[in-house]
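my_file_24.txt (compact mmCIF, C-alpha atoms)
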# COMPACT_ATOMS: atom_id res chain seq x y z
CA THR A 1 -40.14 -58.67 20.91
CA ALA A 2 -41.21 -61.10 18.19
CA LYS A 3 -39.99 -58.66 15.55
CA SER A 4 -36.50 -58.34 17.03
CA ILE A 5 -36.18 -62.14 17.42
CA LEU A 6 -37.09 -62.63 13.75
CA ASN A 7 -34.83 -59.77 12.66
CA ASN A 8 -31.89 -61.29 14.55
CA HIS A 9 -32.47 -64.64 12.85
CA PHE A 10 -32.67 -63.19 9.34
CA ASN A 11 -29.68 -60.92 9.94
CA ALA A 12 -27.72 -64.01 11.02
CA ILE A 13 -28.54 -65.98 7.85
CA GLY A 14 -27.86 -63.21 5.31
CA GLY A 15 -30.61 -60.61 5.69
CA GLU A 16 -34.32 -60.35 5.01
CA LYS A 17 -33.74 -58.42 1.79
CA ALA A 18 -31.50 -61.06 0.22
CA TRP A 19 -33.81 -63.91 1.23
CA SER A 20 -36.95 -62.18 -0.04
CA LYS A 21 -35.27 -61.54 -3.41
CA LEU A 22 -34.33 -65.20 -3.82
CA SER A 23 -35.98 -66.68 -6.90
CA SER A 24 -35.00 -70.32 -6.47
CA ILE A 25 -32.82 -72.82 -4.66
CA HIS A 26 -31.57 -76.29 -5.60
CA THR A 27 -30.06 -78.53 -2.94
CA VAL A 28 -28.35 -81.91 -3.10
CA GLY A 29 -27.69 -84.04 -0.08
CA SER A 30 -28.91 -87.12 1.72
CA MET A 31 -31.88 -88.31 3.74
CA GLU A 32 -31.08 -90.71 6.54
CA PHE A 33 -33.72 -92.97 8.03
CA GLY A 34 -33.60 -94.96 11.25
CA GLY A 35 -31.60 -98.14 10.94
CA GLY A 36 -28.81 -96.49 8.97
CA MET A 37 -30.50 -96.34 5.55
CA SER A 38 -29.43 -93.33 3.52
CA LEU A 39 -30.80 -92.09 0.17
CA GLU A 40 -29.64 -89.30 -2.11
CA LEU A 41 -31.97 -86.30 -1.85
CA LYS A 42 -32.36 -83.58 -4.49
CA GLU A 43 -34.73 -80.64 -4.08
CA TRP A 44 -35.73 -77.75 -6.31
CA LYS A 45 -37.78 -74.81 -5.05
CA ARG A 46 -39.04 -71.82 -7.01
CA PHE A 47 -40.28 -68.92 -4.94
CA GLY A 48 -42.72 -66.16 -5.79
CA LYS A 49 -46.37 -65.50 -5.06
CA LYS A 50 -47.50 -66.08 -8.65
CA ASN A 51 -45.82 -69.36 -9.52
CA PRO A 52 -44.28 -71.18 -6.55
CA ALA A 53 -43.13 -74.72 -7.28
CA MET A 54 -41.18 -77.47 -5.62
CA LYS A 55 -39.81 -80.88 -6.53
CA SER A 56 -37.95 -83.49 -4.52
CA GLN A 57 -36.54 -86.84 -5.43
CA LEU A 58 -34.96 -89.65 -3.45
CA ALA A 59 -32.58 -92.02 -5.20
CA MET A 60 -30.70 -95.16 -4.29
CA ALA A 61 -27.65 -96.06 -6.34
CA GLY A 62 -28.75 -93.54 -8.96
CA GLN A 63 -32.28 -94.95 -9.31
CA ILE A 64 -35.15 -92.65 -8.30
CA VAL A 65 -37.29 -94.47 -5.73
CA MET A 66 -39.58 -91.62 -4.73
CA ALA A 67 -40.39 -88.21 -6.19
CA GLN A 68 -42.83 -85.40 -5.65
CA ALA A 69 -43.55 -82.32 -7.76
CA MET A 70 -45.88 -79.43 -7.00
CA THR A 71 -46.86 -76.27 -8.85
CA SER A 72 -49.79 -73.89 -8.48
CA THR A 73 -51.70 -76.04 -11.00
CA GLY A 74 -51.34 -79.28 -9.00
CA GLY A 75 -48.96 -81.95 -7.81
CA GLN A 76 -47.86 -85.51 -8.43
CA GLU A 77 -46.21 -88.17 -6.31
CA MET A 78 -44.26 -91.09 -7.65
CA GLN A 79 -43.25 -94.22 -5.81
CA THR A 80 -41.62 -97.23 -7.42
CA GLY A 81 -42.47 -95.94 -10.88
CA LYS A 82 -46.16 -95.22 -10.28
CA ALA A 83 -47.31 -91.59 -10.40
CA ASN A 84 -50.44 -90.37 -8.62
CA ASP A 85 -52.07 -86.95 -8.45
CA MET A 86 -51.75 -85.23 -5.09
CA ASP A 87 -54.62 -83.74 -3.11
CA ALA A 88 -55.01 -80.12 -4.32
CA ASP A 89 -55.43 -78.75 -0.77
CA LYS A 90 -52.25 -80.50 0.34
CA VAL A 91 -50.34 -79.00 -2.60
CA ALA A 92 -51.63 -75.51 -1.72
CA PHE A 93 -50.64 -76.06 1.93
CA GLU A 94 -47.10 -77.19 1.06
CA LEU A 95 -46.51 -74.33 -1.39
CA ALA A 96 -47.83 -71.78 1.14
CA HIS A 97 -45.34 -73.05 3.73
CA MET A 98 -42.35 -73.01 1.39
CA SER A 99 -41.36 -69.32 1.30
CA PRO A 100 -37.93 -68.69 2.87
CA VAL A 101 -39.33 -65.51 4.48
CA ARG A 102 -42.63 -67.08 5.59
CA LEU A 103 -42.03 -66.30 9.28
CA LEU A 104 -41.87 -62.59 8.47
CA ARG A 105 -45.20 -62.74 6.62
CA LEU A 106 -47.26 -64.59 9.24
CA LYS A 107 -48.50 -61.42 10.89
CA LYS A 108 -49.90 -60.21 7.56
CA GLU A 109 -51.63 -63.57 7.20
CA GLY A 110 -53.54 -62.99 10.43
CA PHE A 111 -51.31 -64.83 12.90
CA THR A 112 -50.69 -63.43 16.37
CA ALA A 113 -47.08 -63.54 17.54
CA LYS A 114 -46.26 -64.08 21.20
CA VAL A 115 -42.88 -64.37 22.92
CA LEU A 116 -43.30 -67.22 25.42
CA GLY A 117 -40.00 -66.42 27.15
CA MET A 118 -36.67 -68.22 27.37
CA GLU A 119 -35.99 -71.94 27.58
CA GLU A 120 -33.06 -74.35 27.57
CA LEU A 121 -32.88 -76.65 24.54
CA ARG A 122 -29.98 -79.02 23.90
CA GLY A 123 -28.00 -77.16 26.55
CA GLU A 124 -28.45 -73.74 24.95
CA SER A 125 -30.61 -70.75 25.85
CA MET A 126 -33.47 -70.12 23.44
CA TYR A 127 -36.11 -67.48 22.86
CA VAL A 128 -39.44 -69.20 22.29
CA LEU A 129 -41.83 -67.59 19.82
CA GLU A 130 -45.39 -68.75 19.18
CA PHE A 131 -47.66 -67.90 16.24
CA SER A 132 -51.36 -68.65 16.44
CA LYS A 133 -54.42 -68.20 14.25
CA GLY A 134 -57.59 -70.03 15.27
CA ASP A 135 -56.68 -73.69 15.75
CA GLU A 136 -53.32 -73.26 14.05
CA VAL A 137 -50.40 -72.94 16.44
CA GLU A 138 -46.71 -73.15 15.68
CA THR A 139 -43.74 -72.64 17.98
CA HIS A 140 -40.17 -71.69 17.11
CA TRP A 141 -37.00 -71.73 19.21
CA PHE A 142 -34.22 -69.24 18.40
CA ARG A 143 -30.73 -69.35 19.91
CA VAL A 144 -30.11 -66.39 22.22
CA GLU A 145 -26.39 -66.46 21.38
CA ASP A 146 -26.62 -65.84 17.61
CA GLY A 147 -30.33 -65.53 16.78
CA LEU A 148 -30.45 -68.69 14.64
CA LEU A 149 -33.60 -70.80 14.42
CA ALA A 150 -32.86 -74.09 16.21
CA GLN A 151 -36.24 -75.82 16.30
CA SER A 152 -39.80 -75.51 14.98
CA LYS A 153 -42.95 -77.35 16.01
CA SER A 154 -46.07 -77.16 13.86
CA GLN A 155 -48.87 -79.22 12.35
CA ASP A 156 -48.62 -80.77 8.94
CA PHE A 157 -51.49 -80.87 6.45
CA ASP A 158 -53.06 -83.90 8.16
CA GLY A 159 -52.88 -82.28 11.59
CA ALA A 160 -49.97 -84.37 12.91
CA MET A 161 -47.38 -82.57 15.07
CA VAL A 162 -44.02 -82.18 13.33
CA THR A 163 -40.81 -81.13 15.10
CA MET A 164 -37.89 -79.91 13.01
CA GLN A 165 -34.41 -79.31 14.42
CA PHE A 166 -31.92 -77.19 12.51
CA GLN A 167 -28.18 -77.48 13.06
CA THR A 168 -24.87 -76.32 11.61
CA TYR A 169 -25.77 -73.28 9.50
CA LEU A 170 -23.27 -72.95 6.64
CA PRO A 171 -22.69 -70.67 3.64
CA PHE A 172 -23.16 -72.85 0.54
CA ALA A 173 -22.31 -70.02 -1.86
CA ASP A 174 -20.53 -66.67 -1.70
CA ASN A 175 -23.79 -64.70 -1.43
CA GLY A 176 -23.77 -64.52 2.38
CA LEU A 177 -26.86 -66.74 2.76
CA LEU A 178 -26.68 -69.49 5.37
CA LEU A 179 -28.66 -72.74 5.38
CA PRO A 180 -28.81 -75.43 8.06
CA ALA A 181 -26.63 -78.31 6.87
CA ILE A 182 -28.51 -80.75 9.11
CA THR A 183 -32.30 -80.85 9.55
CA THR A 184 -33.93 -83.56 11.64
CA THR A 185 -37.69 -84.01 11.25
CA SER A 186 -39.62 -85.99 13.86
CA MET A 187 -43.24 -87.07 13.55
CA SER A 188 -45.30 -89.81 15.19
CA GLY A 189 -42.22 -91.35 16.80
CA GLN A 190 -40.27 -91.55 13.52
CA SER A 191 -37.42 -89.27 12.60
CA VAL A 192 -35.40 -88.59 9.45
CA THR A 193 -32.27 -86.49 9.06
CA MET A 194 -31.56 -84.44 5.96
CA ARG A 195 -28.00 -83.40 5.28
CA THR A 196 -27.38 -80.70 2.69
CA GLY A 197 -24.16 -81.11 0.70
CA THR A 198 -24.53 -78.40 -1.95
CA ALA A 199 -26.93 -75.55 -2.61
CA THR A 200 -27.32 -73.46 -5.76
CA PHE A 201 -29.24 -70.19 -5.64
CA ASN A 202 -31.27 -68.28 -8.23
CA LEU A 203 -31.31 -70.92 -10.96
CA GLU A 204 -33.57 -70.26 -13.93
CA LEU A 205 -36.28 -72.85 -13.38
CA THR A 206 -39.21 -73.32 -15.77
CA ASP A 207 -42.41 -75.33 -15.31
CA SER A 208 -40.84 -78.27 -17.15
CA ASP A 209 -38.25 -78.52 -14.35
CA PHE A 210 -41.14 -79.41 -12.02
CA GLN A 211 -42.47 -82.32 -14.05
CA LEU A 212 -41.84 -85.86 -12.86
CA ALA A 213 -39.79 -87.94 -15.24
CA PRO A 214 -41.95 -90.66 -16.84
Whole structure, structure tokens version:
Amino acid sequence: TAKSILNNHFNAIGGEKAWSKLSSIHTVGSMEFGGGMSLELKEWKRFGKKNPAMKSQLAMAGQIVMAQAMTSTGGQEMQTGKANDMDADKVAFELAHMSPVRLLRLKKEGFTAKVLGMEELRGESMYVLEFSKGDEVETHWFRVEDGLLAQSKSQDFDGAMVTMQFQTYLPFADNGLLLPAITTTSMSGQSVTMRTGTATFNLELTDSDFQLAP
């Protein structure tokens, strides 16, 4: 069943309870683009229904080249030193998709879950789970062997199809929580790979942590 597939995944990465209690996460790693270009990536995420927030920044040789910050009051994007306000609907969309236990909440949000069966992906057996609500459809592949989420396919805010592949789940702290060390995102024929080097959990983050530096 959909419930058992999700339960197996969350049990494998540290448990639903621990993930739903998580207040924040800060990761440092790299983002690799086609052609061998690699930038340093830092991300901050604050969870919670009342005040979710996220910030990411890409740097080259210590210089920030791109940054994005979003809170429930709005968002800003910065590229080559110029900051612009983000579309409010896009900010709401991104924050709504950020929760680490989002997959467990989809049913409450009116999505219908359907197990499409089993499939081979990258030489491994997968359970395929689909969530749908009106025109919104997203599909997730979970490894039969250990329950881990291996791939997700969904639409982004602009309606483009995005495929994310998750590999090499590792414990980045001694709290039993596992994160994929490698995430490859493909969209419109382009793909980028994010590698996580360190992760810090439950940092005290205030609204000022989600401001873009001038």
Legend entry - Nearest candidate to Ser191 of chain A (options A:Thr163, A:Ser154, A:Asn175, A:Thr80; using only C-alpha atoms): A:Thr163
Inset, instruction - Identify, on the basis of all atoms listed in the file, every residue whose closest approach to segment 63-71 of chain A does not exceed 10 Å; exclude the query and any residue fewer than 2 positions from it along the same chain; express the result as a ChimeraX atom specification. - result: /A:39-46,51-61,73-86,88,90-92,94-95,207,209-213
Legend entry - Selection: 10 Å around Glu138 of chain A, only C-alpha atoms, excl. self and same-chain fewer than 4 positions, as a PyMOL selection string: chain A and resi 111+113+129-133+152-155+161-163
Legend entry - Arg195 of chain A surroundings by all atoms listed in the file, 6 Å radius, close-in-sequence under 2 positions cut, as a list in words: Gly29, Ser30, Ala181 and Ile182 of chain A
Inset, instruction - Tell me which protein, DNA and RNA residues are within 9 Å of segment 165-169 of chain A, counting all atoms listed in the file, leaving out same-chain ones fewer than 4 positions away, and put them as a ChimeraX atom specification. - result: /A:13,148-153,178-186
Can you sort out the box for segment 1-19 of chain A, edges along x, y and z, all listed atoms in, 5 Å on every side, with centre and edge lengths in Å to one decimal, as JSON?
{"center_x": -34.5, "center_y": -62.2, "center_z": 10.6, "size_x": 23.5, "size_y": 17.6, "size_z": 30.7}
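Between atom CA of Phe10 of chain A and atom CA of Arg105 of chain A lies a distance of 12.8 Å.
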Legend entry - atom CA of Asn11 of chain A to atom CA of Met126 of chain A, straight-line distance in Å: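 Answer for the atom CA of Met126 of chain A to atom CA of Asn11 of chain A separation: 16.8 Å.
For the choices A:Ile5, A:Val28, A:Ala12, A:Met187, the atom-to-atom distance to Pro171 of chain A is smallest for A:Ala12 when using all atoms listed in the file.
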Legend entry - For atom CA of Leu203 of chain A and atom CA of Leu103 of chain A, the interatomic separation in Å (one decimal):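 So the answer is 23.4 Å.
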Neighbours of Gly48 of chain A within 9 Å (all atoms listed in the file; same-chain residues fewer than 6 positions away dropped), as a PDB file with C-alpha atoms, in the coordinates of the input?
ATOM      1  CA  LEU A  22     -34.330 -65.200  -3.820  1.00  0.00           C
ATOM      2  CA  SER A  23     -35.980 -66.680  -6.900  1.00  0.00           C
ATOM      3  CA  SER A  24     -35.000 -70.320  -6.470  1.00  0.00           C
ATOM      4  CA  SER A  99     -41.360 -69.320   1.300  1.00  0.00           C
TER       5      SER A  99
END
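Each of A:Val128, A:His140, A:Met31, A:Lys17 was checked against Met164 of chain A using only C-alpha atoms; the smallest atom-to-atom distance is that of A:His140.
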Legend entry - Pick from A:Asn8, A:Thr193, A:Ser125, A:Ser188 nearest to Gly35 of chain A, counting only C-alpha atoms: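 Checking each of A:Asn8, A:Thr193, A:Ser125, A:Ser188 against Gly35 of chain A, counting only C-alpha atoms, the winner is A:Thr193.
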Legend entry - A:Val144, A:Ala96, A:Leu121, A:Leu177 ranked by distance to Glu109 of chain A, top pick (using only C-alpha atoms):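 When distances to Glu109 of chain A are compared using only C-alpha atoms, the smallest one comes from A:Ala96.
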Legend entry - Which of A:Lys114, A:Leu104, A:Val192, A:Glu120 sits closest to Asn7 of chain A [using all atoms listed in the file]: A:Leu104
Export of segment 2-18 of chain A: all heavy atoms, as a JSON list (two decimals), in the first residue's frame:
[["chain", "number", "residue", "atom", "x", "y", "z"],
["A", 2, "ALA", "N", 0.27, 2.37, -0.37],
["A", 2, "ALA", "CA", 0.99, 3.65, -0.38],
["A", 2, "ALA", "C", 1.54, 3.95, 1.01],
["A", 2, "ALA", "O", 2.69, 4.39, 1.17],
["A", 2, "ALA", "CB", 0.04, 4.76, -0.83],
["A", 3, "LYS", "N", 0.73, 3.67, 2.02],
["A", 3, "LYS", "CA", 1.14, 3.98, 3.40],
["A", 3, "LYS", "C", 2.38, 3.18, 3.80],
["A", 3, "LYS", "O", 3.31, 3.71, 4.40],
["A", 3, "LYS", "CB", -0.02, 3.69, 4.35],
["A", 3, "LYS", "CG", 0.17, 4.35, 5.69],
["A", 3, "LYS", "CD", -1.01, 4.17, 6.61],
["A", 3, "LYS", "CE", -0.68, 4.86, 7.93],
["A", 3, "LYS", "NZ", -1.49, 4.46, 9.03],
["A", 4, "SER", "N", 2.37, 1.89, 3.46],
["A", 4, "SER", "CA", 3.52, 1.05, 3.86],
["A", 4, "SER", "C", 4.78, 1.45, 3.10],
["A", 4, "SER", "O", 5.89, 1.41, 3.65],
["A", 4, "SER", "CB", 3.20, -0.44, 3.67],
["A", 4, "SER", "OG", 2.96, -0.73, 2.32],
["A", 5, "ILE", "N", 4.63, 1.85, 1.82],
["A", 5, "ILE", "CA", 5.80, 2.29, 1.04],
["A", 5, "ILE", "C", 6.40, 3.55, 1.68],
["A", 5, "ILE", "O", 7.62, 3.65, 1.86],
["A", 5, "ILE", "CB", 5.40, 2.56, -0.43],
["A", 5, "ILE", "CG1", 5.05, 1.23, -1.13],
["A", 5, "ILE", "CG2", 6.52, 3.28, -1.18],
["A", 5, "ILE", "CD1", 4.44, 1.40, -2.52],
["A", 6, "LEU", "N", 5.53, 4.49, 2.05],
["A", 6, "LEU", "CA", 6.03, 5.73, 2.68],
["A", 6, "LEU", "C", 6.62, 5.44, 4.06],
["A", 6, "LEU", "O", 7.67, 5.99, 4.42],
["A", 6, "LEU", "CB", 4.89, 6.75, 2.81],
["A", 6, "LEU", "CG", 4.41, 7.37, 1.49],
["A", 6, "LEU", "CD1", 3.21, 8.28, 1.73],
["A", 6, "LEU", "CD2", 5.53, 8.15, 0.80],
["A", 7, "ASN", "N", 5.96, 4.56, 4.82],
["A", 7, "ASN", "CA", 6.49, 4.21, 6.14],
["A", 7, "ASN", "C", 7.87, 3.57, 6.03],
["A", 7, "ASN", "O", 8.77, 3.89, 6.81],
["A", 7, "ASN", "CB", 5.54, 3.24, 6.86],
["A", 7, "ASN", "CG", 4.31, 3.95, 7.40],
["A", 7, "ASN", "OD1", 4.27, 5.18, 7.46],
["A", 7, "ASN", "ND2", 3.29, 3.20, 7.79],
["A", 8, "ASN", "N", 8.05, 2.69, 5.05],
["A", 8, "ASN", "CA", 9.36, 2.04, 4.86],
["A", 8, "ASN", "C", 10.43, 3.07, 4.55],
["A", 8, "ASN", "O", 11.55, 2.99, 5.06],
["A", 8, "ASN", "CB", 9.30, 1.01, 3.72],
["A", 8, "ASN", "CG", 8.54, -0.24, 4.12],
["A", 8, "ASN", "OD1", 8.31, -0.49, 5.30],
["A", 8, "ASN", "ND2", 8.15, -1.03, 3.13],
["A", 9, "HIS", "N", 10.09, 4.05, 3.72],
["A", 9, "HIS", "CA", 11.06, 5.09, 3.36],
["A", 9, "HIS", "C", 11.45, 5.90, 4.60],
["A", 9, "HIS", "O", 12.64, 6.10, 4.88],
["A", 9, "HIS", "CB", 10.48, 6.02, 2.29],
["A", 9, "HIS", "CG", 11.29, 7.26, 2.09],
["A", 9, "HIS", "ND1", 12.57, 7.24, 1.59],
["A", 9, "HIS", "CD2", 11.01, 8.57, 2.35],
["A", 9, "HIS", "CE1", 13.04, 8.48, 1.54],
["A", 9, "HIS", "NE2", 12.12, 9.31, 2.00],
["A", 10, "PHE", "N", 10.45, 6.37, 5.35],
["A", 10, "PHE", "CA", 10.76, 7.21, 6.51],
["A", 10, "PHE", "C", 11.46, 6.42, 7.62],
["A", 10, "PHE", "O", 12.35, 6.95, 8.28],
["A", 10, "PHE", "CB", 9.51, 7.93, 7.02],
["A", 10, "PHE", "CG", 9.23, 9.18, 6.22],
["A", 10, "PHE", "CD1", 8.38, 9.15, 5.12],
["A", 10, "PHE", "CD2", 9.88, 10.36, 6.51],
["A", 10, "PHE", "CE1", 8.18, 10.29, 4.35],
["A", 10, "PHE", "CE2", 9.69, 11.51, 5.74],
["A", 10, "PHE", "CZ", 8.83, 11.47, 4.66],
["A", 11, "ASN", "N", 11.11, 5.14, 7.77],
["A", 11, "ASN", "CA", 11.83, 4.31, 8.74],
["A", 11, "ASN", "C", 13.30, 4.17, 8.34],
["A", 11, "ASN", "O", 14.20, 4.18, 9.18],
["A", 11, "ASN", "CB", 11.19, 2.92, 8.84],
["A", 11, "ASN", "CG", 9.84, 2.98, 9.55],
["A", 11, "ASN", "OD1", 9.54, 3.95, 10.25],
["A", 11, "ASN", "ND2", 9.01, 1.97, 9.36],
["A", 12, "ALA", "N", 13.54, 4.11, 7.02],
["A", 12, "ALA", "CA", 14.92, 3.93, 6.53],
["A", 12, "ALA", "C", 15.77, 5.18, 6.71],
["A", 12, "ALA", "O", 16.99, 5.09, 6.83],
["A", 12, "ALA", "CB", 14.90, 3.52, 5.06],
["A", 13, "ILE", "N", 15.13, 6.36, 6.74],
["A", 13, "ILE", "CA", 15.93, 7.60, 6.84],
["A", 13, "ILE", "C", 15.90, 8.21, 8.25],
["A", 13, "ILE", "O", 16.35, 9.33, 8.45],
["A", 13, "ILE", "CB", 15.51, 8.65, 5.80],
["A", 13, "ILE", "CG1", 14.03, 9.09, 5.98],
["A", 13, "ILE", "CG2", 15.76, 8.16, 4.38],
["A", 13, "ILE", "CD1", 13.64, 10.31, 5.15],
["A", 14, "GLY", "N", 15.37, 7.48, 9.23],
["A", 14, "GLY", "CA", 15.44, 7.97, 10.61],
["A", 14, "GLY", "C", 14.12, 8.11, 11.32],
["A", 14, "GLY", "O", 14.08, 8.50, 12.50],
["A", 15, "GLY", "N", 13.01, 7.84, 10.63],
["A", 15, "GLY", "CA", 11.70, 7.85, 11.30],
["A", 15, "GLY", "C", 10.89, 9.10, 11.09],
["A", 15, "GLY", "O", 11.42, 10.22, 11.10],
["A", 16, "GLU", "N", 9.60, 8.90, 10.90],
["A", 16, "GLU", "CA", 8.67, 10.02, 10.67],
["A", 16, "GLU", "C", 8.69, 11.00, 11.82],
["A", 16, "GLU", "O", 8.68, 12.21, 11.64],
["A", 16, "GLU", "CB", 7.25, 9.45, 10.48],
["A", 16, "GLU", "CG", 6.19, 10.51, 10.36],
["A", 16, "GLU", "CD", 4.77, 9.93, 10.42],
["A", 16, "GLU", "OE1", 4.59, 8.71, 10.25],
["A", 16, "GLU", "OE2", 3.85, 10.73, 10.63],
["A", 17, "LYS", "N", 8.75, 10.46, 13.05],
["A", 17, "LYS", "CA", 8.69, 11.32, 14.24],
["A", 17, "LYS", "C", 9.87, 12.30, 14.28],
["A", 17, "LYS", "O", 9.70, 13.51, 14.47],
["A", 17, "LYS", "CB", 8.71, 10.43, 15.48],
["A", 17, "LYS", "CG", 8.10, 11.08, 16.70],
["A", 17, "LYS", "CD", 7.99, 10.08, 17.83],
["A", 17, "LYS", "CE", 7.51, 10.72, 19.09],
["A", 17, "LYS", "NZ", 7.47, 9.76, 20.21],
["A", 18, "ALA", "N", 11.07, 11.77, 14.05],
["A", 18, "ALA", "CA", 12.27, 12.61, 14.10],
["A", 18, "ALA", "C", 12.24, 13.66, 12.99],
["A", 18, "ALA", "O", 12.58, 14.83, 13.22],
["A", 18, "ALA", "CB", 13.51, 11.75, 13.97]]
